[in-house]
file entry-v9.cif (mmCIF, C-alpha atoms and all ligand atoms)
data_upload
loop_
_atom_site.label_atom_id
_atom_site.label_comp_id
_atom_site.auth_asym_id
_atom_site.auth_seq_id
_atom_site.Cartn_x
_atom_site.Cartn_y
_atom_site.Cartn_z
CA MET A 1 118.00 82.25 152.81
CA LYS A 2 118.16 83.55 149.24
CA SER A 3 115.31 85.95 148.33
CA SER A 4 113.05 85.06 145.45
CA ILE A 5 111.37 87.55 143.14
CA LEU A 6 108.71 87.16 140.49
CA ILE A 7 108.97 89.60 137.59
CA ILE A 8 105.59 90.03 135.93
CA TYR A 9 105.78 91.52 132.46
CA THR A 10 102.41 93.02 131.48
CA GLY A 11 103.63 94.92 128.40
CA GLY A 12 104.89 98.39 127.57
CA THR A 13 108.07 99.88 126.19
CA ILE A 14 110.45 98.29 128.67
CA GLY A 15 110.15 94.78 127.24
CA MET A 16 110.87 95.69 123.63
CA LYS A 17 113.93 95.29 121.48
CA GLU A 18 114.82 96.04 117.92
CA ASP A 19 114.10 93.32 115.41
CA PRO A 20 117.40 92.97 113.47
CA GLN A 21 115.40 91.99 110.35
CA ASP A 22 113.29 95.11 109.93
CA GLY A 23 114.42 97.50 112.68
CA THR A 24 110.98 97.65 114.35
CA LEU A 25 110.47 97.35 118.10
CA LYS A 26 109.01 94.02 119.20
CA PRO A 27 108.48 92.45 122.63
CA PHE A 28 111.25 90.00 123.53
CA ASP A 29 110.88 86.63 125.25
CA PHE A 30 110.87 87.54 128.91
CA SER A 31 111.91 84.10 130.08
CA GLN A 32 115.30 85.13 128.64
CA ILE A 33 115.43 88.32 130.74
CA LYS A 34 118.83 87.43 132.21
CA ASP A 35 120.33 87.32 128.69
CA GLU A 36 119.06 90.85 128.09
CA VAL A 37 120.06 92.12 131.53
CA PRO A 38 123.02 89.95 132.65
CA GLU A 39 123.54 92.28 135.64
CA LEU A 40 120.62 90.43 137.27
CA ASN A 41 122.90 87.38 137.63
CA LYS A 42 125.01 89.33 140.10
CA PHE A 43 122.22 89.40 142.69
CA ASP A 44 121.99 86.53 145.10
CA VAL A 45 118.29 86.34 144.31
CA ARG A 46 116.18 83.70 142.58
CA ILE A 47 114.35 85.44 139.76
CA ASP A 48 111.42 83.92 137.89
CA SER A 49 109.29 85.62 135.32
CA TYR A 50 105.71 85.54 134.14
CA THR A 51 104.56 87.14 130.90
CA PHE A 52 101.02 88.30 130.25
CA ASP A 53 99.40 86.89 127.17
CA PRO A 54 98.47 88.99 125.32
CA LEU A 55 100.85 91.80 126.27
CA ILE A 56 99.10 95.07 126.97
CA ASP A 57 100.03 98.55 125.87
CA SER A 58 99.07 100.22 129.11
CA SER A 59 96.82 102.68 127.27
CA ASP A 60 94.49 99.66 126.99
CA MET A 61 94.59 98.95 130.72
CA GLU A 62 91.28 97.77 132.21
CA PRO A 63 90.10 97.06 135.76
CA SER A 64 89.62 93.41 134.75
CA ILE A 65 93.39 93.23 134.10
CA TRP A 66 94.06 94.67 137.56
CA VAL A 67 91.99 91.79 138.93
CA GLN A 68 94.05 89.33 136.88
CA LEU A 69 97.26 90.88 138.17
CA ALA A 70 96.10 90.91 141.80
CA GLN A 71 95.01 87.28 141.54
CA LEU A 72 98.35 86.26 140.06
CA ILE A 73 100.20 87.94 142.94
CA SER A 74 97.90 86.21 145.41
CA GLU A 75 98.37 82.76 143.83
CA ARG A 76 102.17 83.12 143.90
CA TYR A 77 102.30 85.05 147.18
CA GLU A 78 103.78 82.30 149.33
CA ASP A 79 106.46 81.40 146.75
CA TYR A 80 108.13 84.81 146.51
CA ASP A 81 109.51 87.53 148.75
CA GLY A 82 108.55 90.30 146.37
CA PHE A 83 107.05 91.13 143.01
CA VAL A 84 108.26 93.43 140.23
CA VAL A 85 105.56 94.45 137.78
CA LEU A 86 106.80 95.69 134.42
CA HIS A 87 104.14 97.98 133.01
CA GLY A 88 103.76 100.69 130.38
CA THR A 89 104.25 104.13 131.82
CA ASP A 90 101.04 105.67 130.49
CA THR A 91 98.70 104.19 133.09
CA MET A 92 101.23 102.88 135.59
CA ALA A 93 100.11 105.34 138.28
CA TYR A 94 96.47 104.21 137.86
CA SER A 95 97.42 100.53 138.13
CA ALA A 96 99.74 100.99 141.11
CA SER A 97 97.04 103.05 142.86
CA ALA A 98 94.31 100.49 142.21
CA LEU A 99 96.47 97.56 143.35
CA SER A 100 97.29 99.34 146.59
CA PHE A 101 93.57 99.21 147.50
CA MET A 102 92.97 95.73 146.08
CA LEU A 103 95.82 93.98 147.93
CA GLU A 104 94.71 94.17 151.54
CA GLY A 105 97.08 93.06 154.27
CA LEU A 106 100.14 93.27 152.01
CA THR A 107 103.39 92.32 153.75
CA LYS A 108 105.61 92.03 150.65
CA PRO A 109 106.82 94.58 148.08
CA VAL A 110 104.98 95.01 144.79
CA ILE A 111 107.20 97.31 142.74
CA PHE A 112 105.97 98.67 139.43
CA THR A 113 108.51 99.87 136.92
CA GLY A 114 108.90 100.47 133.21
CA SER A 115 110.94 102.71 130.99
CA GLN A 116 110.87 105.53 128.52
CA LEU A 117 113.24 103.70 126.15
CA PRO A 118 113.07 99.95 125.40
CA ILE A 119 115.49 97.69 127.23
CA GLY A 120 116.96 96.60 123.90
CA VAL A 121 118.28 100.04 122.85
CA PRO A 122 121.67 101.42 123.96
CA ARG A 123 120.53 104.45 126.01
CA THR A 124 117.72 102.61 127.75
CA ASP A 125 116.60 103.64 131.21
CA GLY A 126 114.92 100.22 131.51
CA LYS A 127 117.93 98.30 132.80
CA GLU A 128 118.63 100.63 135.70
CA ASN A 129 114.93 100.76 136.58
CA LEU A 130 114.59 96.98 136.49
CA ILE A 131 117.79 96.24 138.42
CA SER A 132 116.95 98.68 141.22
CA ALA A 133 113.32 97.50 141.35
CA VAL A 134 114.55 93.91 141.82
CA GLU A 135 117.00 94.98 144.54
CA ILE A 136 114.24 96.85 146.39
CA ALA A 137 111.72 94.01 146.01
CA ALA A 138 114.27 91.61 147.51
CA ALA A 139 115.46 93.88 150.33
CA LYS A 140 114.86 92.74 153.91
CA ASP A 141 115.50 94.43 157.24
CA HIS A 142 117.57 92.91 160.05
CA GLU A 143 114.52 90.95 161.27
CA GLY A 144 114.02 89.41 157.86
CA HIS A 145 110.94 91.47 157.00
CA ALA A 146 110.46 93.25 153.66
CA ARG A 147 111.92 96.76 153.75
CA VAL A 148 109.07 98.14 151.66
CA PRO A 149 105.86 96.12 152.09
CA GLU A 150 103.89 98.48 149.85
CA VAL A 151 102.76 98.90 146.25
CA CYS A 152 105.28 101.35 144.76
CA ILE A 153 106.63 102.76 141.52
CA PHE A 154 110.38 102.78 141.00
CA PHE A 155 111.50 105.16 138.28
CA ASP A 156 114.71 107.05 137.61
CA SER A 157 116.31 106.49 140.99
CA LYS A 158 113.21 107.19 143.09
CA LEU A 159 110.87 104.82 144.84
CA LEU A 160 107.45 106.45 145.08
CA ARG A 161 104.33 105.27 146.88
CA GLY A 162 102.11 103.90 144.10
CA ASN A 163 98.94 105.67 145.16
CA ARG A 164 100.75 109.05 145.44
CA SER A 165 102.36 108.89 142.01
CA THR A 166 101.47 110.53 138.75
CA LYS A 167 103.10 110.48 135.33
CA TYR A 168 104.25 113.99 134.69
CA SER A 169 106.70 113.82 131.79
CA ALA A 170 106.15 112.20 128.42
CA GLU A 171 109.86 112.50 127.62
CA ALA A 172 112.15 112.75 130.62
CA PHE A 173 113.64 109.65 132.25
CA ASN A 174 112.38 111.23 135.44
CA ALA A 175 108.80 110.55 134.33
CA PHE A 176 106.96 110.18 137.64
CA ALA A 177 106.34 112.54 140.50
CA SER A 178 104.76 112.25 143.91
CA PRO A 179 104.35 115.88 144.93
CA ASN A 180 102.41 115.27 148.14
CA CYS A 181 104.60 112.49 149.56
CA PRO A 182 108.40 112.25 149.71
CA PRO A 183 110.12 109.28 148.00
CA LEU A 184 110.13 106.07 150.06
CA ALA A 185 113.68 105.42 148.88
CA GLU A 186 116.33 106.95 146.65
CA ALA A 187 118.93 105.03 144.70
CA GLY A 188 122.40 106.59 144.62
CA ILE A 189 125.60 104.73 145.43
CA ASN A 190 123.42 102.95 147.97
CA ILE A 191 119.67 102.69 148.18
CA ARG A 192 118.60 105.00 150.99
CA TYR A 193 115.28 103.98 152.55
CA ASN A 194 113.09 106.62 154.11
CA THR A 195 112.04 104.24 156.90
CA ASP A 196 109.95 106.81 158.78
CA ILE A 197 107.36 107.00 156.04
CA ILE A 198 107.35 103.42 154.76
CA ARG A 199 104.15 101.75 155.97
CA LYS A 200 104.46 98.54 157.94
CA PRO A 201 101.71 95.98 158.63
CA VAL A 202 100.45 95.73 162.21
CA TYR A 203 101.07 91.96 162.06
CA TRP A 204 103.61 90.44 159.70
CA ASP A 205 101.68 87.18 159.58
CA THR A 206 98.57 88.92 158.16
CA MET A 207 96.97 86.96 155.34
CA LEU A 208 96.74 88.70 151.96
CA ARG A 209 93.16 89.38 150.89
CA VAL A 210 92.58 90.19 147.26
CA GLN A 211 89.64 92.22 146.16
CA THR A 212 88.18 90.98 142.89
CA GLN A 213 84.93 92.97 142.78
CA LEU A 214 85.39 96.50 141.48
CA ASP A 215 82.52 98.87 140.79
CA THR A 216 83.57 101.09 137.90
CA ARG A 217 80.54 103.40 137.81
CA VAL A 218 82.74 106.45 138.33
CA ALA A 219 82.89 109.55 136.14
CA ILE A 220 85.53 112.28 136.16
CA LEU A 221 84.48 115.86 135.55
CA LYS A 222 87.27 118.36 134.99
CA VAL A 223 85.86 121.83 135.54
CA HIS A 224 87.11 124.44 133.12
CA PRO A 225 86.23 127.92 131.95
CA GLY A 226 83.46 127.60 129.38
CA MET A 227 82.06 124.32 130.69
CA THR A 228 78.41 123.96 129.69
CA PRO A 229 75.43 122.60 131.64
CA GLN A 230 74.90 120.06 128.83
CA VAL A 231 78.34 118.52 129.25
CA MET A 232 78.10 118.57 133.02
CA ARG A 233 74.64 116.95 132.95
CA ALA A 234 75.83 114.21 130.60
CA VAL A 235 78.63 113.28 133.01
CA VAL A 236 77.10 113.79 136.44
CA ALA A 237 73.40 113.07 135.90
CA ASP A 238 73.87 109.88 133.89
CA PRO A 239 72.04 107.05 135.71
CA GLN A 240 75.20 104.91 135.32
CA THR A 241 77.20 107.39 137.42
CA ARG A 242 77.32 106.21 141.03
CA ALA A 243 80.23 108.48 141.90
CA CYS A 244 81.85 111.50 140.30
CA ILE A 245 85.32 112.87 140.87
CA ILE A 246 85.04 116.62 140.37
CA GLU A 247 88.46 117.96 139.42
CA THR A 248 88.40 121.50 140.74
CA TYR A 249 90.70 124.52 140.70
CA GLY A 250 93.31 125.27 143.35
CA SER A 251 92.18 124.44 146.86
CA GLY A 252 88.91 122.90 145.69
CA ASN A 253 87.11 125.76 143.99
CA ALA A 254 84.64 125.64 141.13
CA LEU A 255 82.09 127.82 139.39
CA SER A 256 79.66 129.78 141.54
CA LYS A 257 77.04 129.90 138.74
CA PRO A 258 73.59 128.72 139.94
CA TRP A 259 73.22 126.11 137.16
CA PHE A 260 76.47 124.46 138.25
CA LEU A 261 75.57 124.32 141.93
CA ASP A 262 72.03 123.18 141.08
CA LEU A 263 73.38 120.23 139.09
CA VAL A 264 75.79 119.31 141.88
CA LYS A 265 72.99 119.53 144.46
CA GLN A 266 70.66 117.49 142.30
CA ALA A 267 73.29 114.74 141.93
CA SER A 268 73.98 114.81 145.65
CA ASP A 269 70.24 114.63 146.47
CA GLU A 270 70.00 111.59 144.19
CA GLY A 271 72.61 109.97 146.44
CA LYS A 272 75.58 110.22 144.08
CA ILE A 273 79.00 110.17 145.69
CA LEU A 274 80.81 113.40 144.79
CA LEU A 275 84.51 113.80 145.52
CA ASN A 276 86.43 117.06 145.21
CA VAL A 277 89.97 116.52 143.87
CA THR A 278 92.20 119.43 142.92
CA GLN A 279 93.59 119.83 139.41
CA CYS A 280 96.83 121.09 140.99
CA LYS A 281 99.65 118.57 141.15
CA ALA A 282 100.63 119.57 144.69
CA GLY A 283 98.67 120.71 147.73
CA THR A 284 95.28 119.91 149.11
CA VAL A 285 91.57 120.61 148.80
CA ASN A 286 90.29 122.88 151.52
CA MET A 287 86.66 123.74 150.95
CA ASP A 288 86.56 126.17 153.86
CA LEU A 289 88.94 128.63 152.23
CA TYR A 290 86.79 130.30 149.55
CA ALA A 291 83.05 130.78 149.10
CA THR A 292 83.16 128.79 145.84
CA GLY A 293 84.61 125.78 147.68
CA ALA A 294 82.26 126.19 150.63
CA SER A 295 79.23 126.06 148.38
CA LEU A 296 80.34 122.65 147.11
CA LYS A 297 80.72 121.41 150.67
CA ASN A 298 77.25 122.73 151.52
CA VAL A 299 75.64 120.62 148.81
CA GLY A 300 77.33 117.42 150.00
CA VAL A 301 80.59 117.24 148.04
CA LEU A 302 83.30 115.38 149.97
CA SER A 303 86.90 116.53 150.19
CA GLY A 304 89.51 114.39 148.45
CA ALA A 305 92.18 116.24 150.50
CA ASP A 306 95.54 115.78 148.70
CA ILE A 307 94.63 112.60 146.81
CA THR A 308 95.60 112.21 143.15
CA THR A 309 92.89 111.57 140.56
CA GLU A 310 94.52 108.20 139.85
CA ALA A 311 94.24 107.16 143.50
CA ALA A 312 90.72 108.58 143.84
CA LEU A 313 89.59 106.40 140.95
CA GLY A 314 91.13 103.22 142.38
CA LYS A 315 89.79 103.99 145.85
CA LEU A 316 86.24 104.51 144.56
CA PHE A 317 86.32 101.37 142.38
CA SER A 318 87.51 99.40 145.37
CA LEU A 319 85.19 100.82 148.05
CA MET A 320 82.12 100.72 145.81
CA GLY A 321 83.01 97.17 144.80
CA ARG A 322 82.93 96.19 148.45
CA SER A 323 79.59 97.68 149.34
CA GLU A 324 76.34 99.01 147.91
CA ASN A 325 76.03 101.14 151.03
CA ASP A 326 76.89 104.68 149.88
CA LYS A 327 77.03 105.99 153.43
CA TRP A 328 79.80 103.53 154.28
CA VAL A 329 81.65 104.34 151.03
CA LYS A 330 81.49 108.07 151.86
CA THR A 331 82.82 107.51 155.37
CA MET A 332 85.71 105.36 154.10
CA LEU A 333 86.52 107.80 151.29
CA GLU A 334 87.61 110.46 153.73
CA LYS A 335 89.82 108.03 155.68
CA ASP A 336 93.44 107.31 154.83
CA LEU A 337 93.37 103.61 153.88
CA CYS A 338 96.88 102.95 152.61
CA GLY A 339 98.85 106.16 152.62
CA GLU A 340 96.94 107.82 149.77
CA ILE A 341 96.08 111.00 151.69
CA SER A 342 97.93 113.00 154.34
CA LYS A 343 96.42 112.88 157.78
N1 LIG B 1 102.23 103.35 125.51
C1 LIG B 1 103.22 102.68 126.33
C2 LIG B 1 102.46 102.06 127.50
O1 LIG B 1 102.08 102.75 128.38
C3 LIG B 1 104.27 103.62 126.78
C4 LIG B 1 105.25 103.04 127.76
O2 LIG B 1 105.41 101.86 127.94
O3 LIG B 1 105.93 103.82 128.40
O4 LIG B 1 102.28 100.87 127.49
#
call {"tool": "encode", "arguments": {"input": "entry-v9.cif", "output": "structure tokens"}}
result
Amino acid sequence: MKSSILIIYTGGTIGMKEDPQDGTLKPFDFSQIKDEVPELNKFDVRIDSYTFDPLIDSSDMEPSIWVQLAQLISERYEDYDGFVVLHGTDTMAYSASALSFMLEGLTKPVIFTGSQLPIGVPRTDGKENLISAVEIAAAKDHEGHARVPEVCIFFDSKLLRGNRSTKYSAEAFNAFASPNCPPLAEAGINIRYNTDIIRKPVYWDTMLRVQTQLDTRVAILKVHPGMTPQVMRAVVADPQTRACIIETYGSGNALSKPWFLDLVKQASDEGKILLNVTQCKAGTVNMDLYATGASLKNVGVLSGADITTEAALGKLFSLMGRSENDKWVKTMLEKDLCGEISK
């Protein structure tokens, strides 16, 4: 049977074209997507589209919009074999990460893509990204199951796990990287799937469960030379902060100054959830390596292992939204829930 795909256009550069009147870039009517990208007619796939109203520059992305997106996927889940989410590149890695935690029991592909140049300009990367994303979202294995039942980002010939991705270039077509996890697929003459690392559900008839409660009381503290106790206190000690991602140096190291460790200990004693995530793009936190890392561990900071900040944020929003029990959240934080950390 013919596959069916829903393209969800949330906003961003990809859906723009030049207005012939004044030369400015404006969003085009996505219901006419096949006029803009006639190559889509060549697939033996039914393609429908849904456009967000209003369209969102992804710099304005909000957790409430993630909930809207997740609910839309859930409402249309039975009607389609896969979903392609067109999204601005700026926060695409945050959205793909969050959705990976919010869509529990996923058995169908949810492929985010976008572009650096609008689809309506001659050198656009948007067409190739969209066409390959549709092909991947529609792909089935010989048993008729989705080849990639995961939330992913497709960009510039690579399919990356959503919660491992990060935007790393503001200019190159190759805008996303996933340094701690190899691509799930690569598009050349053929699309080569890296089947060994693609996650599969235990049961293909699992029901999708959508999480709609997110707890956003998370702060991010990036440690840096010259950081002051005042700034740190404002971020970590704020009563609205239930959890804090501490972005540390290298393998999870931070200042050894007593005021810094005192503030971390104080926050930990107050029951705040503190997660150590490295500022490095590749590699992992290991708090046993240096004394500065070990002192964080001693005052109750948890290891984020090789998680990205984007995934750490989505994971905390999701876990905290599920439970007020901090002990449970802390236990789950160190577990690999959907491929976001290496075991
Ligand atoms: N600011 C735009 C956005 O993220 C850039 C893009 O689409 O790539 O929505």
call {"tool": "atom_distance", "arguments": {"input": "entry-v9.cif", "atom1": "CA of Ile56 (chain A)", "atom2": "atom C2 of ligand LIG 1 (chain B)"}}
result
7.8 Å
call {"tool": "closest_atom_pairs", "arguments": {"input": "entry-v9.cif", "of": "chain A", "to": "ligand LIG 1 (chain B)", "cutoff": "12 Å", "atoms": "only C-alpha atoms and all ligand atoms", "output": "JSON lines"}}
result
{"residue": "A:Tyr9", "atom": "CA", "partner": "B:LIG1", "partner_atom": "O4", "distance": 11.2}
{"residue": "A:Thr10", "atom": "CA", "partner": "B:LIG1", "partner_atom": "O4", "distance": 8.8}
{"residue": "A:Gly11", "atom": "CA", "partner": "B:LIG1", "partner_atom": "O4", "distance": 6.2}
{"residue": "A:Gly12", "atom": "CA", "partner": "B:LIG1", "partner_atom": "O2", "distance": 3.5}
{"residue": "A:Thr13", "atom": "CA", "partner": "B:LIG1", "partner_atom": "O2", "distance": 3.7}
{"residue": "A:Ile14", "atom": "CA", "partner": "B:LIG1", "partner_atom": "O2", "distance": 6.2}
{"residue": "A:Gly15", "atom": "CA", "partner": "B:LIG1", "partner_atom": "O2", "distance": 8.5}
{"residue": "A:Met16", "atom": "CA", "partner": "B:LIG1", "partner_atom": "O2", "distance": 9.3}
{"residue": "A:Leu25", "atom": "CA", "partner": "B:LIG1", "partner_atom": "O2", "distance": 11.9}
{"residue": "A:Pro27", "atom": "CA", "partner": "B:LIG1", "partner_atom": "O2", "distance": 11.2}
{"residue": "A:Leu55", "atom": "CA", "partner": "B:LIG1", "partner_atom": "O4", "distance": 9.3}
{"residue": "A:Ile56", "atom": "CA", "partner": "B:LIG1", "partner_atom": "O4", "distance": 6.6}
{"residue": "A:Asp57", "atom": "CA", "partner": "B:LIG1", "partner_atom": "O4", "distance": 3.6}
{"residue": "A:Ser58", "atom": "CA", "partner": "B:LIG1", "partner_atom": "O4", "distance": 3.7}
{"residue": "A:Ser59", "atom": "CA", "partner": "B:LIG1", "partner_atom": "O1", "distance": 5.4}
{"residue": "A:Asp60", "atom": "CA", "partner": "B:LIG1", "partner_atom": "O4", "distance": 7.9}
{"residue": "A:Met61", "atom": "CA", "partner": "B:LIG1", "partner_atom": "O4", "distance": 8.6}
{"residue": "A:Leu86", "atom": "CA", "partner": "B:LIG1", "partner_atom": "O2", "distance": 9.1}
{"residue": "A:His87", "atom": "CA", "partner": "B:LIG1", "partner_atom": "O4", "distance": 6.5}
{"residue": "A:Gly88", "atom": "CA", "partner": "B:LIG1", "partner_atom": "O2", "distance": 3.2}
{"residue": "A:Thr89", "atom": "CA", "partner": "B:LIG1", "partner_atom": "O3", "distance": 3.8}
{"residue": "A:Asp90", "atom": "CA", "partner": "B:LIG1", "partner_atom": "O1", "distance": 3.7}
{"residue": "A:Thr91", "atom": "CA", "partner": "B:LIG1", "partner_atom": "O1", "distance": 6.0}
{"residue": "A:Met92", "atom": "CA", "partner": "B:LIG1", "partner_atom": "O1", "distance": 7.3}
{"residue": "A:Ala93", "atom": "CA", "partner": "B:LIG1", "partner_atom": "O1", "distance": 10.4}
{"residue": "A:Tyr94", "atom": "CA", "partner": "B:LIG1", "partner_atom": "O1", "distance": 11.1}
{"residue": "A:Ser95", "atom": "CA", "partner": "B:LIG1", "partner_atom": "O1", "distance": 11.0}
{"residue": "A:Phe112", "atom": "CA", "partner": "B:LIG1", "partner_atom": "O2", "distance": 11.9}
{"residue": "A:Thr113", "atom": "CA", "partner": "B:LIG1", "partner_atom": "O2", "distance": 9.7}
{"residue": "A:Gly114", "atom": "CA", "partner": "B:LIG1", "partner_atom": "O2", "distance": 6.5}
{"residue": "A:Ser115", "atom": "CA", "partner": "B:LIG1", "partner_atom": "O3", "distance": 5.7}
{"residue": "A:Gln116", "atom": "CA", "partner": "B:LIG1", "partner_atom": "O3", "distance": 5.2}
{"residue": "A:Leu117", "atom": "CA", "partner": "B:LIG1", "partner_atom": "O3", "distance": 7.6}
{"residue": "A:Pro118", "atom": "CA", "partner": "B:LIG1", "partner_atom": "O2", "distance": 8.3}
{"residue": "A:Ile119", "atom": "CA", "partner": "B:LIG1", "partner_atom": "O2", "distance": 10.9}
{"residue": "A:Thr124", "atom": "CA", "partner": "B:LIG1", "partner_atom": "O3", "distance": 11.9}
{"residue": "A:Asp125", "atom": "CA", "partner": "B:LIG1", "partner_atom": "O3", "distance": 11.0}
{"residue": "A:Gly126", "atom": "CA", "partner": "B:LIG1", "partner_atom": "O3", "distance": 10.2}
{"residue": "A:Phe155", "atom": "CA", "partner": "B:LIG1", "partner_atom": "O3", "distance": 11.4}
{"residue": "A:Lys167", "atom": "CA", "partner": "B:LIG1", "partner_atom": "O3", "distance": 10.0}
{"residue": "A:Ser169", "atom": "CA", "partner": "B:LIG1", "partner_atom": "O3", "distance": 10.6}
{"residue": "A:Ala170", "atom": "CA", "partner": "B:LIG1", "partner_atom": "O3", "distance": 8.4}
{"residue": "A:Glu171", "atom": "CA", "partner": "B:LIG1", "partner_atom": "O3", "distance": 9.6}
{"residue": "A:Ala172", "atom": "CA", "partner": "B:LIG1", "partner_atom": "O3", "distance": 11.1}
{"residue": "A:Phe173", "atom": "CA", "partner": "B:LIG1", "partner_atom": "O3", "distance": 10.4}
{"residue": "A:Ala175", "atom": "CA", "partner": "B:LIG1", "partner_atom": "O3", "distance": 9.4}
{"residue": "A:Phe176", "atom": "CA", "partner": "B:LIG1", "partner_atom": "O3", "distance": 11.3}
call {"tool": "residues_around", "arguments": {"input": "entry-v9.cif", "residues": "region 319-331 of chain A", "least_positions_apart": "5", "cutoff": "10 Å", "atoms": "all atoms listed in the file", "output": "ChimeraX atom specification"}}
result
/A:101-102,211-218,242-243,271-275,301-302,314
call {"tool": "closest_residue", "arguments": {"input": "entry-v9.cif", "among": "A:Ala133, A:Val84, A:Val223, A:Ile197", "to": "Ser157 (chain A)", "atoms": "all atoms listed in the file"}}
result
A:Ala133
call {"tool": "closest_residue", "arguments": {"input": "entry-v9.cif", "among": "A:Lys42, A:Lys200, A:Lys158, A:Arg76", "to": "Thr107 (chain A)", "atoms": "only C-alpha atoms"}}
result
A:Lys200
call {"tool": "atom_distance", "arguments": {"input": "entry-v9.cif", "atom1": "CA of Asp29 (chain A)", "atom2": "CA of Ile131 (chain A)"}}
result
17.7 Å
call {"tool": "atom_distance", "arguments": {"input": "entry-v9.cif", "atom1": "CA of Glu150 (chain A)", "atom2": "CA of Gly339 (chain A)"}}
result
9.6 Å
call {"tool": "closest_residue", "arguments": {"input": "entry-v9.cif", "among": "A:Leu337, A:Leu255, A:Leu263, A:Ile220", "to": "Arg233 (chain A)", "atoms": "all atoms listed in the file"}}
result
A:Leu263
call {"tool": "closest_residue", "arguments": {"input": "entry-v9.cif", "among": "A:Pro182, A:Cys280, A:Phe260, A:Trp204", "to": "Glu143 (chain A)", "atoms": "all atoms listed in the file"}}
result
A:Trp204
call {"tool": "closest_residue", "arguments": {"input": "entry-v9.cif", "among": "A:Pro258, A:Gly283, A:Gly304, A:Gly293", "to": "Cys181 (chain A)", "atoms": "only C-alpha atoms"}}
result
A:Gly283
call {"tool": "residues_around", "arguments": {"input": "entry-v9.cif", "residues": "Asn163 (chain A)", "least_positions_apart": "6", "cutoff": "6 Å", "atoms": "only C-alpha atoms", "output": "PyMOL selection string"}}
result
chain A and resi 97+311+340
